[in-house]
2 protein chains.
Amino acid sequence: MKVELICVGTELLLGSIVNTNAAYLSEKCAGLGLSCYFQTVVGDNEERLTQVLEMAMERSDIILLSGGLGPTEDDLTKETAAKVCGKKLVLHEPSKEAIRKFFAAKGASPTDNNWKQAMLPEGCIVLENHNGTAPGVIMETDHGRVILLPGPPNELRPMFQESVVPYLSEITSQVICSKTVKICGVGESQAETMVKDLIDSQGNPTIATYAKTGEVHIRVTANAGDKKAAMKLIKPVVKELKNRFGNHVYSTEEETTLEKAVADLVIANGLTLTCAESCTGGLLSARLINVPGISEVYKSGVITYSNKAKRRMLGVKKCTLLKHGAVSEKTAEEMAKGAASMHKADVATAITGIAGPDGGTPEKPVGLVYIACSVKGQMTVKKYLFSGSREKVRESAVSAALVLMRDCILEYYSKVTFGK
Amino acid sequence: MKVELICVGTELLLGSIVNTNAAYLSEKCAGLGLSCYFQTVVGDNEERLTQVLEMAMERSDIILLSGGLGPTEDDLTKETAAKVCGKKLVLHEPSKEAIRKFFAAKGASPTDNNWKQAMLPEGCIVLENHNGTAPGVIMETDHGRVILLPGPPNELRPMFQESVVPYLSEITSQVICSKTVKICGVGESQAETMVKDLIDSQGNPTIATYAKTGEVHIRVTANAGDKKAAMKLIKPVVKELKNRFGNHVYSTEEETTLEKAVADLVIANGLTLTCAESCTGGLLSARLINVPGISEVYKSGVITYSNKAKRRMLGVKKCTLLKHGAVSEKTAEEMAKGAASMHKADVATAITGIAGPDGGTPEKPVGLVYIACSVKGQMTVKKYLFSGSREKVRESAVSAALVLMRDCILEYYSKVTFGK
């Protein structure tokens with residue numbers, strides 16, 4: 001079955017906001033086994049919206065429209081779609097009541113134009129909105145199904161999940177499932193080369209690679225009659241990918257980020273954690289601390305931007321800074337060593353580098369970064385040369401640090417986990 | 001003149017990536033005074049791309065296509081667009097040479113399919129790509145101008161800015177200029193109310209508000225025969241906005257971020273700076289340290305996630321933690337005081353809060369954050385209640401901290417700057 005998206009909103013045409021609804025809806029529809037060949041963005045304009053909707057109904061089976069369900073005169077998605085589908089708008093009492101309740105709960109009163117949101121196409125399926133006042137609408141016509149959703153993502157997403165997913169699952173016979181194999185410490189082109197034969201010979205499941213900063217994700221997607229059958233197709237491919245990438249695979253779970261994988265490893269081994277950052281200025285800690293529950297293992301960390309701070313807060317030796325400079329293997333090592341001892345942490349990671357745009361020299365160019373990781377005293381220091389803006393260099397350094405931490409912890413416990 | 005966007009890519013239709021190119025190009029085109037009524041996303045499919053492009057050429061003057069210029073067989077935007085425009089592809093020697101050089105600089109060799117990228121429509125204008133191997137293309141036809149751009153944002157954006165903006169500026173007889181008034185410490189709806197009369201009566205220049213986390217940007221855009229005339233129209237409106245928002249305006253410069261405004265204020269007053277972070281875990285420092293040159297004033301900072309760390313590294317009193325808890329006005333105050341003294345900083349900012357998803361209680365719910373800022377011993381502590389995910393709460397806290405720092409520094413120097 002073919003689905004098509006129409007996102008309505010002048011703010012999208014002006015580039016004031018990024019169209020995250022399109023990405024959300026497309027991903028969900030792909031997951032339901034629906035083929036999406038077109039997405040269109042159009043403004044709050046009756047003539048143009050009519051043109052786009054009529055064309056969509058000609059070439060697709062299900063049309064998802066988002067936006068333009070608000071209470072103002074500008075909002076005309078519902079009015080236009082009803083007209084195209086040949087439906088009259090009639091007052092829907094339960095929606096009127098829901099709007100009244102919604103305002104009452106906030107201690108406010110609806111304005112006259114709010115009641116417009118309770119006028120719905122006759123005979124439509126009404127989708128309740130628990131996060132706003134605009135109900136969603138499904139119209140079933142001879143030329144396809146037209147589904148209207150509110151524009152704000154915090155209203156659209158729960159409504160889609162609660163009401164549209166069950167509706168669409170019922171009308172589609174196929175189920176699409178996917179599993180993402182998340183890989184770190186392998187470059188994008190190397191990863192692609194390593195799976196080229198699989199991609200070239202792919203059928204069902206399909207295989208696609210996605211590059212992220214410091215990571216590569218490989219998504220395996222299969223369609224079948226039910227979830228179990230789809231997962232059965234996916235399983236051997238995921239197994240093959242795990243074989244090929246070995247320890248570089250940090251997760252196959254949708255919600256597991258690289259920082260979560262590192263945090264899980266720290267927690268699983270009963271370790272504690274600290275970071276000492278120079279050029280990244282807290283970004284590594286910030287990423288780790290975004291993992292809920294990290295407080296059990298991450299107690300404290302430091303940002304030591306100046307040489308003085310590196311000496312005072314981490315015990316880096318004056319002679320080291322003089323002889324090797326702040327951006328050096330030796331300084332990174334002493335930073336990690338000092339951090340481990342001062343914060344009584346089992347795992348201590350230190351980053352020192354030149355993020356730019358200034359401060360580079362021929363010997364130590366912008367993008368040069370040293371990262372040290374100590375696991376219970378076992379020290380590893382690596383040198384990196386990143387490219388791009390100040391922000392990009394810092395982001396790359398943080399990703400590399402997470403990969404290094406993971407490698408070092410795995411390495412430390414390799415004897416224990418060997419043969420597991 | 002009408003512009004229309006066509007973004008080509010299966011990954012967009014699958015929702016694997018968010019269409020940031022559409023937002024970027026739309027915003028730029030609006031800035032050039034071009035009207036955009038339609039954006040379409042279509043896959044790497046000749047038939048469907050042809051259909052979309054032909055329709056776009058019927059209804060718009062300029063068609064911007066992004067994506068599908070890669071070296072693989074899947075990439076067929078250039079081949080399809082050339083066919084629709086009735087142009088043959090011919091070898092473009094300078095592009096071939098550029099591709100050779102691009103690979104040589106990386107110490108790599110092009111593969112056979114890379115040369116495909118040097119085959120360009122006859123008679124087209126070639127746009128150099130300094131960040132990749134796919135040149136951009138402008139085809140001028142009787143049915144409008146068709147512009148092809150590479151998909152990766154780090155190639156598309158510089159190419160658009162360097163080559164397409166000058167090209168489009170020349171063919172549009174009007175010059176469009178805009179100035180953004182950046183405001184902090186005022187909520188979106190309050191800001192909108194404060195400029196409603198200006199928006200309602202707008203003509204040339206136009207006024208639009210954009211909400212960011214902790215900030216509101218008001219863009220004033222005018223069109224005129226030349227830049228000078230456009231800026232003359234903009235100036236009185238910017239002056240009026242500055243009058244209305246006073247000290248809440250932190251900049252009118254395109255490249256000035258809130259953190260840069262704070263850093264500039266610190267530097268201009270010859271101050272030094274430190275941060276002590278709990279729930280934000282380094283995010284505030286990381287944002288400040290993204291400002292080039294910050295190393296002159298920011299020497300060191302700490303992440304004190306545990307109570308012990310707050311005591312040991314900042315001297316927060318045990319009885320304060322026992323009596324008031326880690327998330328309290330008093331703890332925030334002692335954190336800032338300790339940070340100022342331990343890091344010998346003039347300005348010390350401390351954040352403590354409950355980012356969630358767990359850890360909230362009826363008295364201290366998720367989202368409760370205290371931020372303290374000390375400027376040369378003059379202490380301010382504020383209580384906030386943010387909503388949303390753990391990430392959102394932390395981001396909101398960091399923005400609020402930057403606003404508070406700015407307010408406190410301005411307040412401290414208000415006698416000096418008064419009447420300025």
# chains A, B, ... in the order shown; residues from 1 in each chain; ligands from 1
$ interface_residues --of "chain B" --to "chain A" --cutoff "7 Å" --atoms "only C-alpha atoms" --output "ChimeraX atom specification"
/B:12-20,23-24,26-27,30,36-43,280-283,285-286,289-290,292,295,299-306,309,357,391
$ select_by_dssp --residues "segment 154-390 of chain A" --states "helix (DSSP H, G or I)" --output "JSON, numbers by chain"
{"A": [154, 155, 156, 157, 158, 159, 160, 161, 162, 163, 164, 165, 166, 167, 168, 169, 170, 171, 188, 189, 190, 191, 192, 193, 194, 195, 196, 197, 198, 199, 200, 227, 228, 229, 230, 231, 232, 233, 234, 235, 236, 237, 238, 239, 240, 241, 242, 243, 244, 245, 246, 247, 248, 258, 259, 260, 261, 262, 263, 264, 265, 266, 267, 268, 283, 284, 285, 286, 287, 288, 289, 294, 295, 296, 307, 308, 309, 310, 311, 312, 313, 314, 318, 319, 320, 321, 322, 323, 324, 329, 330, 331, 332, 333, 334, 335, 336, 337, 338, 339, 340, 341, 342, 390]}
$ write_last_selection --atoms "C-alpha atoms" --output "short mmCIF file (atom, residue, chain, number, x, y, z; two decimals), in the first residue's frame"
data_model
loop_
_atom_site.label_atom_id
_atom_site.label_comp_id
_atom_site.auth_asym_id
_atom_site.auth_seq_id
_atom_site.Cartn_x
_atom_site.Cartn_y
_atom_site.Cartn_z
CA ASN A 154 3.85 16.69 20.97
CA GLU A 155 0.25 16.31 19.73
CA LEU A 156 0.93 14.50 16.46
CA ARG A 157 3.21 11.78 17.83
CA PRO A 158 1.02 10.42 20.63
CA MET A 159 -2.07 10.63 18.40
CA PHE A 160 -0.30 8.72 15.63
CA GLN A 161 0.97 6.07 18.02
CA GLU A 162 -2.29 5.65 19.93
CA SER A 163 -4.85 5.88 17.12
CA VAL A 164 -3.31 5.77 13.65
CA VAL A 165 -0.87 2.85 14.14
CA PRO A 166 -3.65 0.45 15.20
CA TYR A 167 -5.86 1.68 12.35
CA LEU A 168 -3.13 1.23 9.71
CA SER A 169 -1.94 -2.11 11.11
CA GLU A 170 -5.42 -3.44 10.56
CA ILE A 171 -5.64 -2.41 6.93
CA GLU A 188 32.19 4.59 7.31
CA SER A 189 33.92 3.55 4.11
CA GLN A 190 35.64 0.62 5.83
CA ALA A 191 32.29 -0.52 7.23
CA GLU A 192 30.68 -0.23 3.81
CA THR A 193 33.46 -2.28 2.24
CA MET A 194 33.01 -4.92 4.92
CA VAL A 195 29.31 -5.36 4.05
CA LYS A 196 29.41 -4.59 0.33
CA ASP A 197 28.72 -8.22 -0.63
CA LEU A 198 25.70 -8.29 1.69
CA ILE A 199 24.34 -5.03 0.28
CA ASP A 200 24.95 -6.12 -3.32
CA LYS A 227 6.50 -9.82 13.38
CA LYS A 228 7.85 -13.25 14.23
CA ALA A 229 8.42 -14.16 10.60
CA ALA A 230 10.08 -10.80 9.91
CA MET A 231 12.41 -11.18 12.89
CA LYS A 232 13.31 -14.69 11.71
CA LEU A 233 14.54 -13.17 8.43
CA ILE A 234 16.51 -10.48 10.25
CA LYS A 235 18.22 -12.69 12.81
CA PRO A 236 20.82 -14.47 10.61
CA VAL A 237 21.86 -11.17 8.98
CA VAL A 238 22.35 -9.49 12.36
CA LYS A 239 24.36 -12.53 13.45
CA GLU A 240 26.55 -12.28 10.36
CA LEU A 241 27.13 -8.55 10.99
CA LYS A 242 28.07 -9.27 14.61
CA ASN A 243 30.54 -11.88 13.37
CA ARG A 244 32.12 -9.49 10.92
CA PHE A 245 32.38 -6.50 13.25
CA GLY A 246 33.00 -8.39 16.49
CA ASN A 247 33.67 -6.13 19.46
CA HIS A 248 33.01 -3.05 17.35
CA LEU A 258 27.20 5.02 22.48
CA GLU A 259 27.36 6.87 25.83
CA LYS A 260 24.75 4.51 27.24
CA ALA A 261 26.77 1.50 26.05
CA VAL A 262 29.83 2.92 27.84
CA ALA A 263 27.82 3.71 30.98
CA ASP A 264 26.32 0.20 30.97
CA LEU A 265 29.80 -1.30 30.70
CA VAL A 266 31.01 0.81 33.62
CA ILE A 267 27.99 -0.14 35.73
CA ALA A 268 28.10 -3.84 34.78
CA LEU A 283 31.10 17.99 26.46
CA LEU A 284 32.20 14.42 27.26
CA SER A 285 30.82 14.61 30.79
CA ALA A 286 27.64 16.23 29.47
CA ARG A 287 27.08 13.36 27.05
CA LEU A 288 27.69 10.72 29.70
CA ILE A 289 25.47 12.52 32.20
CA ILE A 294 24.74 7.58 35.59
CA SER A 295 24.89 9.26 39.01
CA GLU A 296 25.61 5.82 40.52
CA ASN A 307 47.84 24.96 32.34
CA LYS A 308 47.51 26.16 35.91
CA ALA A 309 44.24 24.27 36.29
CA LYS A 310 45.83 21.13 34.88
CA ARG A 311 48.56 21.39 37.50
CA ARG A 312 46.40 22.40 40.44
CA MET A 313 43.37 20.18 39.82
CA LEU A 314 45.04 17.16 38.25
CA LYS A 318 55.14 21.75 35.45
CA CYS A 319 58.07 20.18 33.61
CA THR A 320 55.68 18.06 31.51
CA LEU A 321 53.81 21.14 30.38
CA LEU A 322 57.07 22.98 29.68
CA LYS A 323 58.74 20.13 27.84
CA HIS A 324 55.83 18.57 25.95
CA GLU A 329 50.63 12.45 24.97
CA LYS A 330 52.40 12.96 28.29
CA THR A 331 50.02 15.71 29.47
CA ALA A 332 46.96 13.64 28.52
CA GLU A 333 48.39 10.73 30.47
CA GLU A 334 49.10 12.80 33.57
CA MET A 335 45.63 14.36 33.36
CA ALA A 336 43.98 10.93 33.34
CA LYS A 337 46.25 9.67 36.11
CA GLY A 338 45.53 12.72 38.25
CA ALA A 339 41.80 12.54 37.61
CA ALA A 340 41.68 8.86 38.61
CA SER A 341 43.48 9.52 41.85
CA MET A 342 41.78 12.80 42.84
CA ARG A 390 35.75 24.09 16.36
#
$ residues_around --residues "Glu46 of chain B" --least-positions-apart "5" --cutoff "9 Å" --atoms "only C-alpha atoms" --output "count of residues only"
5
$ select_by_dssp --residues "segment 299-403 of chain B" --states "strand (DSSP E)" --output "CSV table (one decimal) with all heavy atoms, in the first residue's frame"
chain,number,residue,atom,x,y,z
B,300,SER,N,39.0,27.1,34.5
B,300,SER,CA,38.6,25.7,35.0
B,300,SER,C,37.2,25.7,35.5
B,300,SER,O,36.6,26.8,35.8
B,300,SER,CB,39.6,25.4,36.1
B,300,SER,OG,39.6,26.3,37.1
B,301,GLY,N,36.7,24.5,35.6
B,301,GLY,CA,35.3,24.4,36.1
B,301,GLY,C,35.2,22.9,36.7
B,301,GLY,O,36.1,22.1,36.5
B,302,VAL,N,34.0,22.7,37.3
B,302,VAL,CA,33.9,21.4,37.9
B,302,VAL,C,32.5,20.8,37.6
B,302,VAL,O,31.5,21.5,37.4
B,302,VAL,CB,34.1,21.3,39.4
B,302,VAL,CG1,35.6,21.6,39.7
B,302,VAL,CG2,33.2,22.3,40.1
B,303,ILE,N,32.4,19.5,37.6
B,303,ILE,CA,31.1,18.8,37.6
B,303,ILE,C,31.0,18.0,38.9
B,303,ILE,O,31.8,17.1,39.2
B,303,ILE,CB,31.1,17.8,36.4
B,303,ILE,CG1,31.2,18.6,35.1
B,303,ILE,CG2,29.9,16.9,36.4
B,303,ILE,CD1,31.9,18.0,34.0
B,304,THR,N,30.1,18.4,39.7
B,304,THR,CA,29.9,17.8,41.0
B,304,THR,C,28.6,17.2,41.1
B,304,THR,O,27.6,17.9,41.4
B,304,THR,CB,30.1,18.9,42.1
B,304,THR,OG1,29.1,20.0,41.8
B,304,THR,CG2,31.5,19.5,42.2
B,347,VAL,N,33.2,35.6,38.1
B,347,VAL,CA,31.8,35.2,37.9
B,347,VAL,C,31.8,33.7,38.1
B,347,VAL,O,32.5,32.9,37.4
B,347,VAL,CB,31.4,35.5,36.5
B,347,VAL,CG1,29.9,35.1,36.2
B,347,VAL,CG2,31.5,37.0,36.2
B,348,ALA,N,30.9,33.2,39.0
B,348,ALA,CA,30.8,31.7,39.2
B,348,ALA,C,29.3,31.4,39.1
B,348,ALA,O,28.5,32.0,39.7
B,348,ALA,CB,31.4,31.3,40.5
B,349,THR,N,29.0,30.4,38.2
B,349,THR,CA,27.6,30.0,38.1
B,349,THR,C,27.5,28.5,38.5
B,349,THR,O,28.3,27.7,38.1
B,349,THR,CB,27.2,30.1,36.6
B,349,THR,OG1,27.5,31.5,36.2
B,349,THR,CG2,25.8,29.9,36.4
B,350,ALA,N,26.5,28.2,39.3
B,350,ALA,CA,26.3,26.9,39.7
B,350,ALA,C,24.8,26.4,39.4
B,350,ALA,O,23.9,27.2,39.4
B,350,ALA,CB,26.4,26.8,41.2
B,351,ILE,N,24.7,25.2,39.0
B,351,ILE,CA,23.4,24.6,38.6
B,351,ILE,C,23.2,23.3,39.4
B,351,ILE,O,24.1,22.4,39.4
B,351,ILE,CB,23.4,24.3,37.1
B,351,ILE,CG1,23.7,25.5,36.2
B,351,ILE,CG2,22.0,23.7,36.7
B,351,ILE,CD1,23.7,25.3,34.7
B,352,THR,N,22.1,23.2,40.0
B,352,THR,CA,21.7,21.9,40.6
B,352,THR,C,20.2,21.7,40.4
B,352,THR,O,19.4,22.6,40.6
B,352,THR,CB,22.1,21.9,42.1
B,352,THR,OG1,21.7,20.6,42.7
B,352,THR,CG2,21.4,23.0,42.9
B,353,GLY,N,19.9,20.5,40.0
B,353,GLY,CA,18.5,20.3,39.7
B,353,GLY,C,18.2,18.8,39.5
B,353,GLY,O,19.0,17.9,39.6
B,368,LEU,N,12.8,20.6,38.4
B,368,LEU,CA,13.1,21.7,39.3
B,368,LEU,C,14.6,21.9,39.3
B,368,LEU,O,15.4,21.0,39.4
B,368,LEU,CB,12.7,21.2,40.7
B,368,LEU,CG,13.1,22.2,41.9
B,368,LEU,CD1,12.3,23.5,41.8
B,368,LEU,CD2,12.9,21.6,43.2
B,369,VAL,N,15.0,23.1,39.0
B,369,VAL,CA,16.4,23.5,38.9
B,369,VAL,C,16.7,24.8,39.7
B,369,VAL,O,15.9,25.7,39.5
B,369,VAL,CB,16.9,23.6,37.4
B,369,VAL,CG1,18.3,24.1,37.3
B,369,VAL,CG2,16.6,22.3,36.7
B,370,TYR,N,17.8,24.9,40.4
B,370,TYR,CA,18.2,26.1,41.0
B,370,TYR,C,19.5,26.5,40.3
B,370,TYR,O,20.4,25.7,40.1
B,370,TYR,CB,18.5,25.9,42.5
B,370,TYR,CG,17.2,25.8,43.3
B,370,TYR,CD1,16.7,24.5,43.6
B,370,TYR,CD2,16.5,26.9,43.8
B,370,TYR,CE1,15.5,24.3,44.3
B,370,TYR,CE2,15.4,26.7,44.6
B,370,TYR,CZ,14.9,25.5,44.8
B,370,TYR,OH,13.7,25.3,45.5
B,371,ILE,N,19.6,27.8,40.0
B,371,ILE,CA,20.8,28.3,39.4
B,371,ILE,C,21.3,29.5,40.2
B,371,ILE,O,20.5,30.4,40.5
B,371,ILE,CB,20.6,28.8,37.9
B,371,ILE,CG1,20.0,27.6,37.1
B,371,ILE,CG2,21.9,29.2,37.3
B,371,ILE,CD1,19.7,27.9,35.7
B,372,ALA,N,22.5,29.5,40.6
B,372,ALA,CA,23.1,30.6,41.4
B,372,ALA,C,24.2,31.2,40.5
B,372,ALA,O,25.0,30.5,39.8
B,372,ALA,CB,23.7,30.1,42.7
B,373,CYS,N,24.3,32.6,40.6
B,373,CYS,CA,25.4,33.3,39.9
B,373,CYS,C,26.0,34.3,40.8
B,373,CYS,O,25.2,35.2,41.4
B,373,CYS,CB,24.8,33.9,38.6
B,373,CYS,SG,26.1,34.7,37.7
B,374,SER,N,27.3,34.2,41.0
B,374,SER,CA,27.9,35.2,41.9
B,374,SER,C,28.8,36.0,41.0
B,374,SER,O,29.6,35.5,40.2
B,374,SER,CB,28.8,34.4,42.9
B,374,SER,OG,29.8,35.3,43.4
B,375,VAL,N,28.7,37.4,41.1
B,375,VAL,CA,29.5,38.3,40.3
B,375,VAL,C,30.3,39.1,41.4
B,375,VAL,O,29.7,39.9,42.1
B,375,VAL,CB,28.7,39.2,39.4
B,375,VAL,CG1,29.7,40.2,38.7
B,375,VAL,CG2,27.9,38.4,38.4
B,378,GLN,N,28.6,39.3,44.6
B,378,GLN,CA,27.2,39.6,44.6
B,378,GLN,C,26.4,38.4,44.1
B,378,GLN,O,26.5,38.1,42.9
B,378,GLN,CB,26.9,40.9,43.7
B,378,GLN,CG,25.5,41.4,43.8
B,378,GLN,CD,25.4,42.7,43.0
B,378,GLN,OE1,26.1,43.7,43.3
B,378,GLN,NE2,24.5,42.7,42.0
B,379,MET,N,25.6,37.8,45.0
B,379,MET,CA,25.0,36.5,44.7
B,379,MET,C,23.5,36.6,44.3
B,379,MET,O,22.7,37.4,44.9
B,379,MET,CB,25.0,35.6,46.0
B,379,MET,CG,24.5,34.2,45.8
B,379,MET,SD,25.5,33.2,44.8
B,379,MET,CE,26.9,32.9,45.8
B,380,THR,N,23.1,35.9,43.2
B,380,THR,CA,21.7,35.8,42.8
B,380,THR,C,21.4,34.3,42.7
B,380,THR,O,22.2,33.6,42.1
B,380,THR,CB,21.5,36.5,41.5
B,380,THR,OG1,22.1,37.8,41.5
B,380,THR,CG2,20.0,36.6,41.1
B,381,VAL,N,20.3,33.9,43.3
B,381,VAL,CA,19.9,32.5,43.1
B,381,VAL,C,18.4,32.5,42.5
B,381,VAL,O,17.6,33.2,43.1
B,381,VAL,CB,19.9,31.7,44.4
B,381,VAL,CG1,19.7,30.2,44.1
B,381,VAL,CG2,21.2,31.9,45.1
B,382,LYS,N,18.2,31.7,41.5
B,382,LYS,CA,16.8,31.6,41.0
B,382,LYS,C,16.3,30.2,40.9
B,382,LYS,O,17.1,29.3,40.7
B,382,LYS,CB,16.7,32.3,39.6
B,382,LYS,CG,16.7,33.8,39.7
B,382,LYS,CD,16.5,34.5,38.3
B,382,LYS,CE,15.0,34.7,37.9
B,382,LYS,NZ,14.9,35.5,36.7
B,383,LYS,N,15.0,30.1,41.1
B,383,LYS,CA,14.4,28.7,41.0
B,383,LYS,C,13.7,28.6,39.7
B,383,LYS,O,13.0,29.6,39.2
B,383,LYS,CB,13.4,28.6,42.2
B,383,LYS,CG,12.6,27.4,42.3
B,383,LYS,CD,11.7,27.5,43.4
B,383,LYS,CE,10.7,26.3,43.5
B,383,LYS,NZ,9.8,26.3,44.6
B,384,TYR,N,13.8,27.5,39.0
B,384,TYR,CA,13.1,27.2,37.7
B,384,TYR,C,12.4,25.9,37.8
B,384,TYR,O,12.7,25.0,38.5
B,384,TYR,CB,14.2,27.2,36.6
B,384,TYR,CG,15.0,28.4,36.5
B,384,TYR,CD1,16.2,28.6,37.3
B,384,TYR,CD2,14.7,29.4,35.5
B,384,TYR,CE1,17.0,29.7,37.2
B,384,TYR,CE2,15.6,30.5,35.4
B,384,TYR,CZ,16.7,30.6,36.2
B,384,TYR,OH,17.5,31.7,36.1
B,385,LEU,N,11.4,25.8,36.9
B,385,LEU,CA,10.7,24.5,36.8
B,385,LEU,C,10.5,24.3,35.3
B,385,LEU,O,9.7,24.9,34.6
B,385,LEU,CB,9.3,24.5,37.5
B,385,LEU,CG,8.7,23.1,37.5
B,385,LEU,CD1,9.5,22.1,38.2
B,385,LEU,CD2,7.3,23.2,38.2
$ closest_residue --among "B:Tyr250, B:Tyr413, B:Trp115, B:Phe386" --to "Ala134 of chain B" --atoms "only C-alpha atoms"
B:Trp115
